[in-house]
Every structure is written in structure tokens, then in C-alpha cells.
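**Q** Data: query_3.cif, mmCIF, C-alpha atoms.
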data_final
#
loop_
_atom_site.label_atom_id
_atom_site.label_comp_id
_atom_site.auth_asym_id
_atom_site.auth_seq_id
_atom_site.Cartn_x
_atom_site.Cartn_y
_atom_site.Cartn_z
CA MET A 22 0.00 0.00 0.00
CA PRO A 23 1.39 3.42 -0.79
CA GLY A 24 2.32 5.04 2.49
CA ALA A 25 0.67 8.16 3.76
CA VAL A 26 2.23 11.19 2.18
CA ASP A 27 2.01 14.85 2.99
CA GLU A 28 -0.28 15.82 0.18
CA SER A 29 -0.20 19.56 0.72
CA ALA A 30 3.54 19.39 0.00
CA LEU A 31 2.83 17.34 -3.15
CA VAL A 32 0.23 19.82 -4.31
CA ALA A 33 2.58 22.73 -3.68
CA ALA A 34 5.36 20.97 -5.60
CA LEU A 35 3.09 20.30 -8.58
CA HIS A 36 2.07 23.92 -8.47
CA THR A 37 5.66 25.01 -8.95
CA GLY A 38 6.17 22.58 -11.82
CA ASP A 39 8.26 20.03 -9.93
CA GLU A 40 8.64 17.28 -12.52
CA ALA A 41 10.09 14.74 -10.08
CA VAL A 42 6.95 14.90 -7.98
CA PHE A 43 4.77 14.57 -11.05
CA ALA A 44 6.86 11.56 -12.16
CA GLU A 45 6.42 9.91 -8.79
CA LEU A 46 2.64 10.30 -8.88
CA VAL A 47 2.41 9.18 -12.50
CA ASP A 48 4.42 6.03 -11.85
CA GLN A 49 2.53 5.25 -8.68
CA TYR A 50 -1.00 5.60 -10.04
CA SER A 51 -1.01 5.33 -13.82
CA PRO A 52 -0.80 1.51 -14.08
CA SER A 53 -3.84 1.11 -11.83
CA MET A 54 -5.61 3.97 -13.57
CA LEU A 55 -5.13 2.21 -16.90
CA ARG A 56 -6.42 -1.04 -15.47
CA VAL A 57 -9.56 0.63 -14.13
CA ALA A 58 -10.11 2.81 -17.22
CA ARG A 59 -9.84 -0.24 -19.45
CA GLY A 60 -12.93 -1.60 -17.73
CA TYR A 61 -14.98 1.24 -19.18
CA VAL A 62 -13.62 1.77 -22.67
CA PRO A 63 -13.18 -0.52 -25.67
CA SER A 64 -9.39 -0.31 -26.19
CA HIS A 65 -6.08 0.19 -24.45
CA GLU A 66 -5.46 3.28 -26.60
CA ILE A 67 -8.63 4.96 -25.40
CA ALA A 68 -7.76 4.00 -21.80
CA GLU A 69 -4.41 5.80 -22.25
CA GLU A 70 -6.24 8.88 -23.55
CA VAL A 71 -8.54 8.80 -20.54
CA VAL A 72 -5.58 8.58 -18.15
CA GLN A 73 -3.78 11.38 -19.94
CA GLU A 74 -6.88 13.58 -19.80
CA THR A 75 -7.13 12.88 -16.08
CA TRP A 76 -3.57 14.02 -15.41
CA ILE A 77 -4.17 17.15 -17.44
CA ALA A 78 -7.34 17.78 -15.45
CA LEU A 79 -5.30 17.46 -12.25
CA LEU A 80 -2.75 19.99 -13.49
CA LYS A 81 -5.50 22.37 -14.58
CA GLY A 82 -7.26 22.04 -11.27
CA ILE A 83 -4.24 21.98 -9.01
CA SER A 84 -4.52 25.64 -8.01
CA LYS A 85 -8.07 25.00 -6.84
CA PHE A 86 -7.18 21.77 -5.11
CA GLU A 87 -8.13 22.26 -1.52
CA GLY A 88 -7.09 18.94 -0.14
CA ARG A 89 -10.64 18.04 0.82
CA SER A 90 -10.13 14.73 -0.88
CA THR A 91 -6.84 12.97 -1.29
CA ILE A 92 -5.11 13.20 -4.66
CA ARG A 93 -5.77 9.50 -5.13
CA THR A 94 -9.51 9.82 -4.56
CA TRP A 95 -9.62 12.90 -6.75
CA LEU A 96 -7.76 11.14 -9.58
CA PHE A 97 -10.03 8.11 -9.62
CA THR A 98 -13.24 10.11 -9.25
CA VAL A 99 -12.36 12.36 -12.17
CA MET A 100 -10.98 9.52 -14.24
CA ILE A 101 -14.07 7.34 -13.87
CA ASN A 102 -16.22 10.26 -15.01
CA ILE A 103 -14.03 10.81 -18.06
CA ALA A 104 -13.94 7.08 -18.78
CA LYS A 105 -17.72 6.77 -18.52
CA ALA A 106 -18.17 9.64 -20.94
CA ARG A 107 -15.86 7.86 -23.39
CA GLY A 108 -17.14 4.39 -22.67
CA ILE A 109 -19.44 2.44 -24.91
CA ARG A 110 -20.58 -0.05 -22.32
CA GLU A 111 -24.01 0.31 -20.84
CA ARG A 112 -23.56 0.27 -17.10
CA ARG A 113 -26.88 1.45 -15.76
CA ASP A 114 -28.04 -2.06 -15.00
CA ALA A 115 -24.86 -3.00 -13.20
CA ASP A 116 -26.49 -3.65 -9.85
CA ALA A 117 -29.28 -5.78 -11.31
CA GLU A 118 -26.81 -7.79 -13.33
CA ILE A 119 -24.62 -8.51 -10.31
CA ALA A 120 -27.60 -9.57 -8.22
CA ALA A 121 -28.86 -11.90 -10.94
CA TYR A 122 -25.75 -14.05 -10.77
CA THR A 123 -25.89 -16.49 -7.89
CA GLY A 124 -23.32 -19.20 -8.68
CA GLY A 125 -20.78 -20.25 -6.08
CA THR A 126 -17.11 -19.24 -6.22
CA VAL A 127 -15.74 -22.69 -5.42
CA ASP A 128 -16.20 -25.77 -7.61
CA PRO A 129 -19.27 -27.53 -6.10
CA ALA A 130 -17.62 -30.89 -6.85
CA ARG A 131 -15.28 -30.25 -3.92
CA PHE A 132 -18.18 -30.53 -1.48
CA ARG A 133 -20.27 -33.52 -0.45
CA PRO A 134 -23.64 -33.50 -2.24
CA PRO A 135 -26.64 -31.95 -0.48
CA ASP A 136 -28.22 -35.39 -0.09
CA ALA A 137 -25.13 -37.04 1.39
CA PRO A 138 -26.06 -39.07 4.49
CA LYS A 139 -23.12 -37.58 6.39
CA TRP A 140 -21.81 -34.02 6.35
CA PRO A 141 -23.68 -32.68 3.31
CA GLY A 142 -22.12 -29.50 1.93
CA HIS A 143 -18.79 -30.09 3.68
CA TRP A 144 -15.42 -30.54 1.99
CA LYS A 145 -14.91 -33.95 0.43
CA GLU A 146 -12.09 -35.87 1.95
CA HIS A 147 -9.37 -35.10 -0.59
CA ALA A 148 -10.73 -31.76 -1.73
CA GLU A 149 -9.93 -29.70 1.37
CA PRO A 150 -7.77 -26.65 0.74
CA SER A 151 -4.17 -26.98 1.87
CA PRO A 152 -2.04 -24.16 3.25
CA PHE A 153 -0.44 -21.74 0.81
CA PRO A 154 3.29 -21.77 1.52
CA ASP A 155 5.10 -18.92 3.21
CA THR A 156 6.75 -16.77 0.59
CA PRO A 157 9.20 -14.27 2.02
CA GLU A 158 9.30 -10.85 0.34
CA GLY A 159 11.32 -11.12 -2.86
CA SER A 160 11.46 -14.93 -2.95
CA VAL A 161 11.25 -16.58 -6.37
CA LEU A 162 7.99 -18.35 -5.54
CA GLY A 163 6.54 -15.17 -4.03
CA ASN A 164 7.32 -13.23 -7.21
CA GLU A 165 5.82 -15.98 -9.35
CA LEU A 166 2.62 -15.93 -7.33
CA VAL A 167 2.32 -12.17 -7.81
CA ALA A 168 2.81 -12.68 -11.56
CA VAL A 169 0.14 -15.41 -11.63
CA ALA A 170 -2.21 -13.14 -9.67
CA ARG A 171 -1.63 -10.28 -12.09
CA ARG A 172 -2.41 -12.40 -15.14
CA GLU A 173 -5.65 -13.54 -13.57
CA LEU A 174 -6.56 -10.03 -12.43
CA ASP A 175 -6.28 -8.85 -16.02
CA LYS A 176 -8.60 -11.65 -17.14
CA LEU A 177 -11.36 -10.91 -14.62
CA PRO A 178 -14.66 -9.44 -15.80
CA ALA A 179 -14.31 -5.64 -15.90
CA ARG A 180 -16.24 -4.79 -12.75
CA GLN A 181 -14.47 -7.41 -10.64
CA ARG A 182 -11.11 -6.24 -11.95
CA ILE A 183 -11.94 -2.63 -11.11
CA VAL A 184 -13.09 -3.41 -7.58
CA VAL A 185 -10.15 -5.72 -6.78
CA THR A 186 -7.71 -3.13 -8.13
CA LEU A 187 -9.22 -0.32 -6.08
CA ARG A 188 -9.49 -2.38 -2.89
CA ASP A 189 -6.46 -4.65 -2.86
CA ILE A 190 -3.87 -2.77 -4.91
CA LEU A 191 -4.75 0.84 -4.11
CA GLY A 192 -6.20 0.29 -0.65
CA PHE A 193 -9.44 2.22 -1.04
CA ASP A 194 -12.00 1.16 1.55
CA SER A 195 -15.38 -0.28 0.71
CA GLY A 196 -17.26 3.00 1.22
CA GLU A 197 -14.91 4.87 -1.12
CA VAL A 198 -15.30 2.21 -3.81
CA CYS A 199 -19.12 2.29 -3.58
CA GLU A 200 -18.98 6.06 -3.96
CA LEU A 201 -16.54 5.97 -6.88
CA LEU A 202 -18.42 3.28 -8.80
CA GLN A 203 -21.95 4.19 -7.68
CA ILE A 204 -22.71 0.64 -6.56
CA SER A 205 -24.27 -0.74 -3.41
CA VAL A 206 -22.24 -2.02 -0.46
CA ALA A 207 -23.54 -5.56 -1.09
CA ASN A 208 -22.55 -5.53 -4.74
CA GLN A 209 -19.17 -4.07 -4.01
CA ARG A 210 -18.58 -7.00 -1.67
CA VAL A 211 -19.84 -9.55 -4.21
CA LEU A 212 -17.51 -8.21 -6.92
CA LEU A 213 -14.53 -8.19 -4.55
CA HIS A 214 -15.36 -11.69 -3.36
CA ARG A 215 -15.71 -13.17 -6.85
CA GLY A 216 -12.57 -11.46 -8.06
CA ARG A 217 -10.47 -12.62 -5.11
CA ALA A 218 -11.95 -16.13 -5.29
CA ALA A 219 -10.97 -16.40 -8.98
CA VAL A 220 -7.42 -15.31 -8.18
CA ARG A 221 -7.32 -17.73 -5.23
CA GLN A 222 -8.26 -20.57 -7.55
CA VAL A 223 -5.44 -19.89 -10.02
CA LEU A 224 -2.94 -19.55 -7.16
CA GLU A 225 -4.10 -22.90 -5.80
CA ASP A 226 -3.85 -24.52 -9.26
CA TYR A 227 -0.40 -23.03 -9.80
CA LEU A 228 0.89 -24.22 -6.41
CA ALA A 229 -0.53 -27.71 -6.98
CA GLU A 230 1.58 -27.89 -10.12
CA VAL A 231 4.88 -26.50 -8.83
CA LEU A 232 4.99 -27.88 -5.28
CA MET B 1 -23.05 -23.95 8.88
CA ARG B 2 -21.87 -25.91 5.85
CA CYS B 3 -18.48 -25.37 4.24
CA ILE B 4 -20.12 -24.63 0.88
CA ALA B 5 -21.94 -21.69 2.48
CA LEU B 6 -18.99 -20.50 4.55
CA VAL B 7 -16.73 -20.06 1.52
CA GLU B 8 -19.11 -17.40 0.19
CA LEU B 9 -18.87 -15.39 3.41
CA VAL B 10 -15.11 -15.21 3.61
CA THR B 11 -14.68 -11.75 2.09
CA ALA B 12 -17.32 -10.26 4.38
CA TYR B 13 -15.72 -12.15 7.30
CA LEU B 14 -12.23 -10.87 6.55
CA GLY B 15 -13.60 -7.36 6.08
CA GLY B 16 -15.35 -7.45 9.45
CA GLU B 17 -18.68 -6.89 7.70
CA LEU B 18 -20.72 -9.81 9.02
CA ASP B 19 -23.45 -9.24 11.59
CA GLY B 20 -22.63 -10.56 15.05
CA GLN B 21 -24.74 -13.67 14.80
CA THR B 22 -23.35 -14.78 11.43
CA ARG B 23 -19.84 -14.00 12.53
CA ALA B 24 -20.32 -16.19 15.61
CA ARG B 25 -21.54 -19.06 13.43
CA VAL B 26 -18.50 -18.71 11.17
CA ASP B 27 -16.15 -18.62 14.16
CA GLN B 28 -17.83 -21.67 15.61
CA HIS B 29 -17.46 -23.57 12.32
CA LEU B 30 -13.80 -22.59 12.04
CA ARG B 31 -13.06 -24.07 15.47
CA THR B 32 -13.76 -27.54 14.12
CA CYS B 33 -13.08 -27.36 10.37
CA ALA B 34 -9.44 -27.36 9.24
CA GLY B 35 -10.44 -27.13 5.56
CA CYS B 36 -12.33 -23.88 6.07
CA VAL B 37 -9.56 -22.45 8.26
CA GLN B 38 -7.24 -23.06 5.32
CA TYR B 39 -9.72 -21.57 2.88
CA VAL B 40 -9.99 -18.34 4.90
CA GLU B 41 -6.22 -18.19 5.12
CA GLN B 42 -5.86 -18.76 1.36
CA MET B 43 -8.24 -15.88 0.66
CA ARG B 44 -6.31 -13.63 3.02
CA VAL B 45 -3.02 -14.55 1.33
CA THR B 46 -4.64 -14.01 -2.07
CA ALA B 47 -5.64 -10.44 -1.19
CA CYS B 48 -2.09 -9.79 0.09
CA THR B 49 -0.59 -11.25 -3.09
CA VAL B 50 -2.79 -9.04 -5.27
CA GLY B 51 -1.68 -6.12 -3.09
CA LYS B 52 1.91 -6.72 -4.18
CA ILE B 53 1.11 -6.13 -7.85
CA ARG B 54 2.62 -2.78 -8.60
CA ASP B 55 5.94 -2.72 -10.39
CA GLU B 56 4.45 -2.53 -13.86
CA GLN B 57 6.44 -0.31 -16.13
CA LEU B 58 4.39 2.24 -17.99
CA ASP B 59 4.80 2.10 -21.72
CA SER B 60 7.62 4.58 -22.30
CA ALA B 61 5.95 6.39 -25.20
CA PHE B 62 2.84 6.87 -23.07
CA ARG B 63 4.93 8.06 -20.13
CA ASP B 64 6.68 10.56 -22.42
CA ARG B 65 3.30 11.88 -23.57
CA LEU B 66 2.28 12.49 -19.98
CA PHE B 67 5.49 14.39 -19.31
CA GLY B 68 4.99 16.37 -22.48
CA ALA B 69 1.59 17.43 -21.16
CA PHE B 70 3.17 18.38 -17.85
CA ARG B 71 5.85 20.52 -19.50
CA ASP B 72 3.31 22.23 -21.74
CA TRP B 73 1.37 23.11 -18.69
CA ASN B 74 4.26 24.75 -16.87
#
Just give me the structure as C-alpha cells.

**A**
Amino acid sequence: MPGAVDESALVAALHTGDEAVFAELVDQYSPSMLRVARGYVPSHEIAEEVVQETWIALLKGISKFEGRSTIRTWLFTVMINIAKARGIRERRDADAEIAAYTGGTVDPARFRPPDAPKWPGHWKEHAEPSPFPDTPEGSVLGNELVAVARRELDKLPARQRIVVTLRDILGFDSGEVCELLQISVANQRVLLHRGRAAVRQVLEDYLAEVL
Amino acid sequence: MRCIALVELVTAYLGGELDGQTRARVDQHLRTCAGCVQYVEQMRVTACTVGKIRDEQLDSAFRDRLFGAFRDWN
């Protein structure tokens, strides 16, 4: 998680045209901004345009920036508005669509059938999850797991990818994400849960192969 | 509570978003179910692993465009 920074100093530095500060912010946020923007627009090129427009909007607005919201929140709020305006996807029915899907996030074959005489709905004997190994910071396996997670993240349905990125990579809390995306608390949680569960599954598959 | 139901509550559980009664049922289940304890732990580790995704390099041409915009502005 990016550490807490003194944002008034950042704003002042941007104001005076400090390119190093701009570079730091661009490198910190642009990859996630692209990932989120891509969920709204039809191509990577348009996502880049959206991100670029957002940075320009920040520079234009920097003198009026009063620090009421953090730079991060400001960036994503403005960017999502720009992305929506450029987007072709119809998103008005997002909440209804999420609610309509009720499938489980774990292969039902791993559980005893509902009519089993003993322990229905519990893990089958050889289908119980096993511990993920400890992976010290910077270890080869740890780095591989992050790479596997990233590939899966980029394959998730757009809304799940957006929510997982905002929550787990950027560290926004659930209330902020609901506000940014205009979705309900329950649906925010469902999207986060499905996204994480999909990544968990590929990590488990990967570890079963390499360990 | 059955394992197949518990696995769908893990994100709410980890986020501290379950109501007291449901949380107590989850805790009670976890006291006797090693598989679900592992599942919760796997989901926690998954979120941490996703949280380590960050060292992507921006496409250099794109990065240059952003800096161009910055210089034009100043």
C-alpha cells in the first residue's frame, strides 16, 4: 500500500512545476488507472487517452485543489467520469446484473452432495484446501505468485477487476469504492469476493503444479 | 453452517462486515473445520498477493506523452 504522504507538499510541488513529484505520482498511479479505465472503454489506446486527460485535469485544477479529498480519490473520481463519458458499455443495469448471478465461487464438486447421508455441503475428503506456503518478500515463488495473480486479475470481468484493483492494490476502503463506482455495499462486496476467489483458484492450481 | 456456504462469506468475514450472529456461526465452524480455516487463510493470502502487484512499467511512449503534457502546462 502506498504510504501516507504529505499531500499539501505534493500539491505545492506540482504547483511550482516540480517534474520529479509529477513523475512519482504518474508512476505510482497510472498503471492502476489504466487497469480501471480499461474496464470502461473498448481499447487500451482509449484508456491511455482517458488517463492522460485525467492528469491534465489534475494539473489544470491543481490551483483549486483544496485537499478536501486525497489526490488518489480525486484522480479516480475524475478519471471514472471521463472514462464513462468515453465508454461504450451500458452500465446502468450493473447492480441488477450482479444480483442476478448467484453461482458459487468454489467448484461444487469439492463438497459432499446436499443429499449425502453424512456431512452434506462439507469438503470432500481429498478436496480440502491446503495451506499456501510462506513466501518471504522477494522470494522466487513469491514473485511468481504475484505474476500469476496479475495475469488472472487482467482476465477478470471488468467490474471485478476494477473493484479488486481499487481495494487490494490501491487500498481504497469499501465505502470509497461504492462512492466511486456508484454501486451498493452488497454488490461491491460480491464483486470483490468473486474477483479474489478467482485469483485464489489460479494460485491454488499453480501451487498444486509446482509444489 | 456448511463449508459450501462458509466459503461465500469469507470476504465479508475478513472485512469485518458480518453481523454478530453470522460471525459467531463462522467462528464456531472454524473451530472444528481445518479445511475452512485453510480456505480463509488462502483468501487472506490471495488479497495480500494481489496487493503486491505494482511494479508494472508504464509504456515509455505513453509516459513521455504524460510528461509532455506536464511541461506544456508549466

**Q** Could you tell me which residues the PyMOL selection byres ((chain B and resi 2) around 9) returns for this structure, as a tab-separated table (two decimals) with C-alpha atoms, in the coordinates of the input?

**A**
chain	number	residue	atom	x	y	z
A	140	TRP	CA	-21.81	-34.02	6.35
A	141	PRO	CA	-23.68	-32.68	3.31
A	142	GLY	CA	-22.12	-29.50	1.93
A	143	HIS	CA	-18.79	-30.09	3.68
A	144	TRP	CA	-15.42	-30.54	1.99
B	1	MET	CA	-23.05	-23.95	8.88
B	3	CYS	CA	-18.48	-25.37	4.24
B	4	ILE	CA	-20.12	-24.63	0.88
B	5	ALA	CA	-21.94	-21.69	2.48
B	6	LEU	CA	-18.99	-20.50	4.55
B	7	VAL	CA	-16.73	-20.06	1.52
B	29	HIS	CA	-17.46	-23.57	12.32

**Q** Where does the PyMOL selection byres ((chain B) within 6 of (chain A)) land in this file, that is, which residues does it pick, as a PyMOL selection string?

**A** chain B and resi 2-4+11+35+38-39+46+49+51+74

**Q** Using 5 Å of padding on each side, determine the axis-aligned box around all atoms of stretch 55-71 of chain B present in the file and give its centre and edge lengths in Å to one decimal, as AutoDock Vina command-line options.

**A**
--center_x 4.6 --center_y 8.9 --center_z -17.8 --size_x 16.0 --size_y 33.2 --size_z 24.8

**Q** One number please: atom CA of A:Ile67 to atom CA of A:Val184, in Å, one decimal.

**A**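 Taking atom CA of A:Ile67 as the start and atom CA of A:Val184 as the end point, the length is 20.2 Å.
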
**Q** For the atom pair atom CA of A:Ala104 and atom CA of A:Val57, what is the interatomic distance in Å to one decimal place?

**A**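 Computing it gives 9.1 Å between the two atoms.
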
**Q** Starting from the PyMOL selection byres ((chain A and resi 201) around 8), expand the selection into actual residues of this file and give them as JSON, numbers by chain.

**A** {"A": [97, 98, 101, 197, 198, 199, 200, 202, 203]}

**Q** When you draw a straight line from atom CA of B:Ala47 to atom CA of A:Glu165, how long is it in Å?

**A**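 Interatomic distance here is 15.1 Å.
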
**Q** In the coordinates of the file, take the point (-8.2, -9.4, 3.6) and a cut-off of 8 Å; then, counting all atoms listed in the file, name each qualifying protein, DNA or RNA residue as a PDB file with C-alpha atoms, in the coordinates of the input.

**A**
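Wrote it out as selection_35.pdb, contents follow:
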ATOM      1  CA  THR B  11     -14.680 -11.750   2.090  1.00  0.00           C
ATOM      2  CA  LEU B  14     -12.230 -10.870   6.550  1.00  0.00           C
ATOM      3  CA  GLY B  15     -13.600  -7.360   6.080  1.00  0.00           C
ATOM      4  CA  MET B  43      -8.240 -15.880   0.660  1.00  0.00           C
ATOM      5  CA  ARG B  44      -6.310 -13.630   3.020  1.00  0.00           C
ATOM      6  CA  VAL B  45      -3.020 -14.550   1.330  1.00  0.00           C
ATOM      7  CA  ALA B  47      -5.640 -10.440  -1.190  1.00  0.00           C
ATOM      8  CA  CYS B  48      -2.090  -9.790   0.090  1.00  0.00           C
TER       9      CYS B  48
END

**Q** Go ahead and find all residues with at least one atom no further than 9 Å from (-13.4, -3.8, -16.2) in the file's coordinates, using all atoms listed in the file; report them as JSON, numbers by chain.

**A** {"A": [56, 57, 58, 59, 60, 61, 62, 175, 177, 178, 179, 180, 181, 182, 183, 184]}

**Q** Could you write out the selected residues, including C-alpha atoms, as a PDB file, in the coordinates of the input?

**A**
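Below is the file part.pdb, written as the result:
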ATOM      1  CA  ARG A  56      -6.420  -1.040 -15.470  1.00  0.00           C
ATOM      2  CA  VAL A  57      -9.560   0.630 -14.130  1.00  0.00           C
ATOM      3  CA  ALA A  58     -10.110   2.810 -17.220  1.00  0.00           C
ATOM      4  CA  ARG A  59      -9.840  -0.240 -19.450  1.00  0.00           C
ATOM      5  CA  GLY A  60     -12.930  -1.600 -17.730  1.00  0.00           C
ATOM      6  CA  TYR A  61     -14.980   1.240 -19.180  1.00  0.00           C
ATOM      7  CA  VAL A  62     -13.620   1.770 -22.670  1.00  0.00           C
ATOM      8  CA  ASP A 175      -6.280  -8.850 -16.020  1.00  0.00           C
ATOM      9  CA  LEU A 177     -11.360 -10.910 -14.620  1.00  0.00           C
ATOM     10  CA  PRO A 178     -14.660  -9.440 -15.800  1.00  0.00           C
ATOM     11  CA  ALA A 179     -14.310  -5.640 -15.900  1.00  0.00           C
ATOM     12  CA  ARG A 180     -16.240  -4.790 -12.750  1.00  0.00           C
ATOM     13  CA  GLN A 181     -14.470  -7.410 -10.640  1.00  0.00           C
ATOM     14  CA  ARG A 182     -11.110  -6.240 -11.950  1.00  0.00           C
ATOM     15  CA  ILE A 183     -11.940  -2.630 -11.110  1.00  0.00           C
ATOM     16  CA  VAL A 184     -13.090  -3.410  -7.580  1.00  0.00           C
TER      17      VAL A 184
END

**Q** Which residue is closest to A:Val32? Choose from A:Lys139, A:Lys85, A:Arg107, A:Arg172 and count all atoms listed in the file.

**A**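 Looking at the shortest contact to A:Val32, the residue is A:Lys85.
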